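Structure data (PDB, C-alpha atoms) from model_24.pdb:
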```
ATOM      1  CA  ASN M 182      17.210  -5.775  -3.620
ATOM      2  CA  ALA M 183      17.227  -3.728  -6.827
ATOM      3  CA  PRO M 184      14.687  -0.989  -5.948
ATOM      4  CA  PHE M 185      16.447  -0.171  -2.667
ATOM      5  CA  ARG M 186      19.865  -0.233  -4.333
ATOM      6  CA  ALA M 187      18.628   2.131  -7.043
ATOM      7  CA  ALA M 188      17.197   4.507  -4.441
ATOM      8  CA  PHE M 189      20.439   4.449  -2.439
ATOM      9  CA  GLU M 190      22.518   5.061  -5.571
ATOM     10  CA  LEU M 191      20.284   8.033  -6.397
ATOM     11  CA  LEU M 192      20.917   9.395  -2.904
ATOM     12  CA  VAL M 193      24.706   9.000  -3.344
ATOM     13  CA  GLU M 194      24.545  10.772  -6.703
ATOM     14  CA  THR M 195      22.440  13.593  -5.217
ATOM     15  CA  ILE M 196      25.044  14.062  -2.490
ATOM     16  CA  ARG M 197      27.868  14.103  -5.056
ATOM     17  CA  ARG M 198      26.035  16.758  -7.061
ATOM     18  CA  GLY M 199      25.427  18.774  -3.897
ATOM     19  CA  GLN M 200      29.121  18.594  -3.077
ATOM     20  CA  ALA M 201      30.056  19.695  -6.598
ATOM     21  CA  ALA M 202      27.646  22.635  -6.284
ATOM     22  CA  GLY M 203      29.079  23.609  -2.888
ATOM     23  CA  VAL M 204      25.874  22.789  -1.018
ATOM     24  CA  PHE M 205      27.539  20.019   1.023
ATOM     25  CA  VAL M 206      31.056  19.846   2.407
ATOM     26  CA  GLU M 207      33.509  17.491   0.817
ATOM     27  CA  ALA M 208      33.132  14.195   2.626
ATOM     28  CA  GLU M 209      32.900  10.600   1.534
ATOM     29  CA  PRO M 210      29.568  10.534  -0.382
ATOM     30  CA  LEU M 211      28.876   6.929   0.596
ATOM     31  CA  GLY M 212      29.265   7.768   4.280
ATOM     32  CA  VAL M 213      26.998  10.785   4.041
ATOM     33  CA  ALA M 214      24.450   8.734   2.094
ATOM     34  CA  LEU M 215      24.570   5.935   4.651
ATOM     35  CA  ALA M 216      24.063   8.384   7.531
ATOM     36  CA  THR M 217      21.125   9.985   5.724
ATOM     37  CA  TRP M 218      19.615   6.609   4.813
ATOM     38  CA  ALA M 219      20.042   5.240   8.332
ATOM     39  CA  MET M 220      18.486   8.311   9.955
ATOM     40  CA  ALA M 221      15.477   8.295   7.660
ATOM     41  CA  HIS M 222      14.848   4.583   8.033
ATOM     42  CA  GLY M 223      15.569   4.545  11.750
ATOM     43  CA  LEU M 224      13.128   7.374  12.342
ATOM     44  CA  ALA M 225      10.505   5.593  10.233
ATOM     45  CA  VAL M 226      10.864   2.421  12.307
ATOM     46  CA  LEU M 227      10.642   4.383  15.562
ATOM     47  CA  MET M 228       7.477   6.090  14.372
ATOM     48  CA  ILE M 229       5.879   2.887  13.103
ATOM     49  CA  GLU M 230       6.620   1.017  16.317
ATOM     50  CA  ASN M 231       5.868   3.995  18.562
ATOM     51  CA  SER M 232       9.246   3.362  20.165
ATOM     52  CA  ILE M 233      11.515   5.694  22.090
ATOM     53  CA  ILE M 234       9.947   8.936  20.874
ATOM     54  CA  PRO M 235       8.229  10.366  23.965
ATOM     55  CA  ASN M 236       4.484  10.969  23.701
ATOM     56  CA  GLU M 237       4.960  14.650  24.550
ATOM     57  CA  VAL M 238       7.234  15.015  21.515
ATOM     58  CA  LEU M 239       4.720  13.296  19.266
ATOM     59  CA  ALA M 240       1.927  15.464  20.696
ATOM     60  CA  ALA M 241       3.902  18.652  20.022
ATOM     61  CA  ALA M 242       4.850  17.921  16.407
ATOM     62  CA  THR M 243       3.559  16.015  13.420
ATOM     63  CA  LYS M 244       5.581  13.092  12.132
ATOM     64  CA  GLU M 245       6.500  15.175   9.106
ATOM     65  CA  GLN M 246       7.799  17.951  11.362
ATOM     66  CA  LEU M 247       9.893  15.432  13.298
ATOM     67  CA  ALA M 248      11.319  14.022  10.080
ATOM     68  CA  ARG M 249      12.157  17.507   8.823
ATOM     69  CA  ALA M 250      13.810  18.384  12.148
ATOM     70  CA  CYS M 251      15.947  15.243  12.028
ATOM     71  CA  MET M 252      17.017  15.849   8.444
ATOM     72  CA  HIS M 253      17.727  19.489   9.205
ATOM     73  CA  SER M 254      19.961  18.401  12.082
ATOM     74  CA  LEU M 255      21.810  15.976   9.842
ATOM     75  CA  PHE M 256      22.292  18.396   6.984
ATOM     76  CA  SER M 257      23.199  21.389   9.100
ATOM     77  CA  GLY M 258      26.111  19.235  10.200
ATOM     78  CA  VAL M 259      27.279  18.596   6.628
ATOM     79  CA  ALA M 260      26.174  21.822   4.947
ATOM     80  CA  SER M 261      29.018  24.013   3.846
ATOM     81  CA  ARG M 262      29.447  27.363   5.534
ATOM     82  CA  PRO M 263      31.079  30.521   4.211
ATOM     83  CA  ALA M 264      34.677  30.817   5.432
ATOM     84  CA  ALA M 265      33.952  33.995   7.438
ATOM     85  CA  ALA M 266      31.126  32.345   9.347
ATOM     86  CA  SER M 267      33.111  29.212  10.160
ATOM     87  CA  GLN M 268      36.111  31.251  11.386
ATOM     88  CA  ALA M 269      33.880  33.188  13.788
ATOM     89  CA  GLU M 270      32.762  29.982  15.504
TER      90      GLU M 270
END
```

Structure encoded using structure tokens:
Amino acid sequence: NAPFRAAFELLVETIRRGQAAGVFVEAEPLGVALATWAMAHGLAVLMIENSIIPNEVLAAATKEQLARACMHSLFSGVASRPAAASQAE
């Protein structure tokens, strides 16, 4: 499916550029892109189907807030950290 492939390739390229700029750690760009893609699409399906996400979570946050929280969790795991900060952990 050409539109989805083009969107995924754009995501891979964005990750490569982020790695080159030091925004993301060096990791396989395709793997990072697949994880990002899967999280975004999985969350969308859960929201559309009203599956798994507890009602109290949905009542406490907008869908946009939930999406941002998920993406923040993903990217805080792949975001590069200054050497001093990572040594202190």

### Message
Set the distance at 9 Å and use all atoms listed in the file: which residues neighbour Phe256 of chain M once local chain neighbours fewer than 5 positions away are removed? I'd like the list as JSON, numbers by chain.
### Response
{"M": [205, 217, 251]}

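Of the listed residues (M:Ala221, M:Leu247, M:Ala201, M:Val206), M:Ala221 comes nearest to Phe189 of chain M; the distances count only C-alpha atoms.
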
### Message
Considering all atoms listed in the file, can you say which of M:Arg197, M:Lys244, M:Glu190, M:Leu211 comes closest to Ala225 of chain M?
### Response
M:Lys244

### Task
Please work out which residues fall within 12 Å of (16.1, 9.2, 10.4), coordinates as given in the file, with all atoms listed in the file counting, and return them as a ChimeraX atom specification.
/M:214-228,244-245,247-256

### Å distance separating atom CA of Val213 of chain M from atom CA of Ala188 of chain M, one decimal place
14.4 Å

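For the pair atom CA of Ala208 of chain M and atom CA of Ile196 of chain M, the separation is 9.6 Å.
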
### Message
To one decimal place in Å, what is the distance between atom CA of Glu230 of chain M and atom CA of Thr243 of chain M?
### Response
15.6 Å

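Comparing M:Phe185, M:Gln246, M:Ile229, M:Glu194 by their smallest distance to Glu209 of chain M, the closest is M:Glu194 (using all atoms listed in the file).
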
Could you complete segment 220-253 of chain M so that it carries N, CA and C atoms, and give it back as a short mmCIF file (atom, residue, chain, number, x, y, z; two decimals), in the frame of the given file?
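selection35.cif, written as the output of this step:
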```
data_model
loop_
_atom_site.label_atom_id
_atom_site.label_comp_id
_atom_site.auth_asym_id
_atom_site.auth_seq_id
_atom_site.Cartn_x
_atom_site.Cartn_y
_atom_site.Cartn_z
N MET M 220 19.33 7.43 9.15
CA MET M 220 18.49 8.31 9.96
C MET M 220 17.04 8.25 9.48
N ALA M 221 16.85 8.32 8.19
CA ALA M 221 15.48 8.30 7.66
C ALA M 221 14.78 6.98 7.99
N HIS M 222 15.47 5.88 7.78
CA HIS M 222 14.85 4.58 8.03
C HIS M 222 14.71 4.30 9.52
N GLY M 223 15.68 4.72 10.30
CA GLY M 223 15.57 4.54 11.75
C GLY M 223 14.41 5.33 12.32
N LEU M 224 14.25 6.56 11.88
CA LEU M 224 13.13 7.37 12.34
C LEU M 224 11.80 6.75 11.92
N ALA M 225 11.74 6.24 10.70
CA ALA M 225 10.50 5.59 10.23
C ALA M 225 10.14 4.40 11.11
N VAL M 226 11.13 3.58 11.45
CA VAL M 226 10.86 2.42 12.31
C VAL M 226 10.40 2.88 13.68
N LEU M 227 11.05 3.88 14.25
CA LEU M 227 10.64 4.38 15.56
C LEU M 227 9.20 4.89 15.53
N MET M 228 8.84 5.57 14.48
CA MET M 228 7.48 6.09 14.37
C MET M 228 6.46 4.97 14.19
N ILE M 229 6.80 4.00 13.36
CA ILE M 229 5.88 2.89 13.10
C ILE M 229 5.65 2.08 14.38
N GLU M 230 6.71 1.84 15.11
CA GLU M 230 6.62 1.02 16.32
C GLU M 230 6.26 1.81 17.57
N ASN M 231 6.10 3.12 17.41
CA ASN M 231 5.87 4.00 18.56
C ASN M 231 6.90 3.76 19.66
N SER M 232 8.15 3.64 19.25
CA SER M 232 9.25 3.36 20.16
C SER M 232 10.04 4.63 20.46
N ILE M 233 10.54 4.71 21.63
CA ILE M 233 11.52 5.69 22.09
C ILE M 233 11.02 7.14 22.06
N ILE M 234 10.37 7.54 20.99
CA ILE M 234 9.95 8.94 20.87
C ILE M 234 8.89 9.20 21.94
N PRO M 235 9.19 10.11 22.88
CA PRO M 235 8.23 10.37 23.96
C PRO M 235 6.89 10.90 23.44
N ASN M 236 5.82 10.53 24.12
CA ASN M 236 4.48 10.97 23.70
C ASN M 236 4.38 12.48 23.64
N GLU M 237 5.04 13.19 24.57
CA GLU M 237 4.96 14.65 24.55
C GLU M 237 5.61 15.24 23.30
N VAL M 238 6.62 14.56 22.76
CA VAL M 238 7.23 15.02 21.52
C VAL M 238 6.27 14.78 20.36
N LEU M 239 5.68 13.60 20.32
CA LEU M 239 4.72 13.30 19.27
C LEU M 239 3.49 14.20 19.34
N ALA M 240 3.09 14.59 20.54
CA ALA M 240 1.93 15.46 20.70
C ALA M 240 2.24 16.89 20.24
N ALA M 241 3.52 17.28 20.33
CA ALA M 241 3.90 18.65 20.02
C ALA M 241 4.23 18.86 18.54
N ALA M 242 4.45 17.78 17.81
CA ALA M 242 4.85 17.92 16.41
C ALA M 242 4.25 16.78 15.59
N THR M 243 4.01 17.08 14.32
CA THR M 243 3.56 16.02 13.42
C THR M 243 4.75 15.14 13.07
N LYS M 244 4.49 13.98 12.54
CA LYS M 244 5.58 13.09 12.13
C LYS M 244 6.41 13.74 11.04
N GLU M 245 5.75 14.47 10.16
CA GLU M 245 6.50 15.18 9.11
C GLU M 245 7.42 16.22 9.71
N GLN M 246 6.95 16.95 10.70
CA GLN M 246 7.80 17.95 11.36
C GLN M 246 9.00 17.30 12.04
N LEU M 247 8.78 16.15 12.67
CA LEU M 247 9.89 15.43 13.30
C LEU M 247 10.91 14.98 12.25
N ALA M 248 10.42 14.46 11.14
CA ALA M 248 11.32 14.02 10.08
C ALA M 248 12.12 15.20 9.53
N ARG M 249 11.45 16.32 9.32
CA ARG M 249 12.16 17.51 8.82
C ARG M 249 13.20 17.99 9.83
N ALA M 250 12.87 17.95 11.11
CA ALA M 250 13.81 18.38 12.15
C ALA M 250 15.04 17.47 12.18
N CYS M 251 14.82 16.18 12.05
CA CYS M 251 15.95 15.24 12.03
C CYS M 251 16.84 15.49 10.81
N MET M 252 16.23 15.62 9.65
CA MET M 252 17.02 15.85 8.44
C MET M 252 17.73 17.20 8.50
N HIS M 253 17.07 18.19 9.05
CA HIS M 253 17.73 19.49 9.20
C HIS M 253 18.95 19.35 10.10
#
```
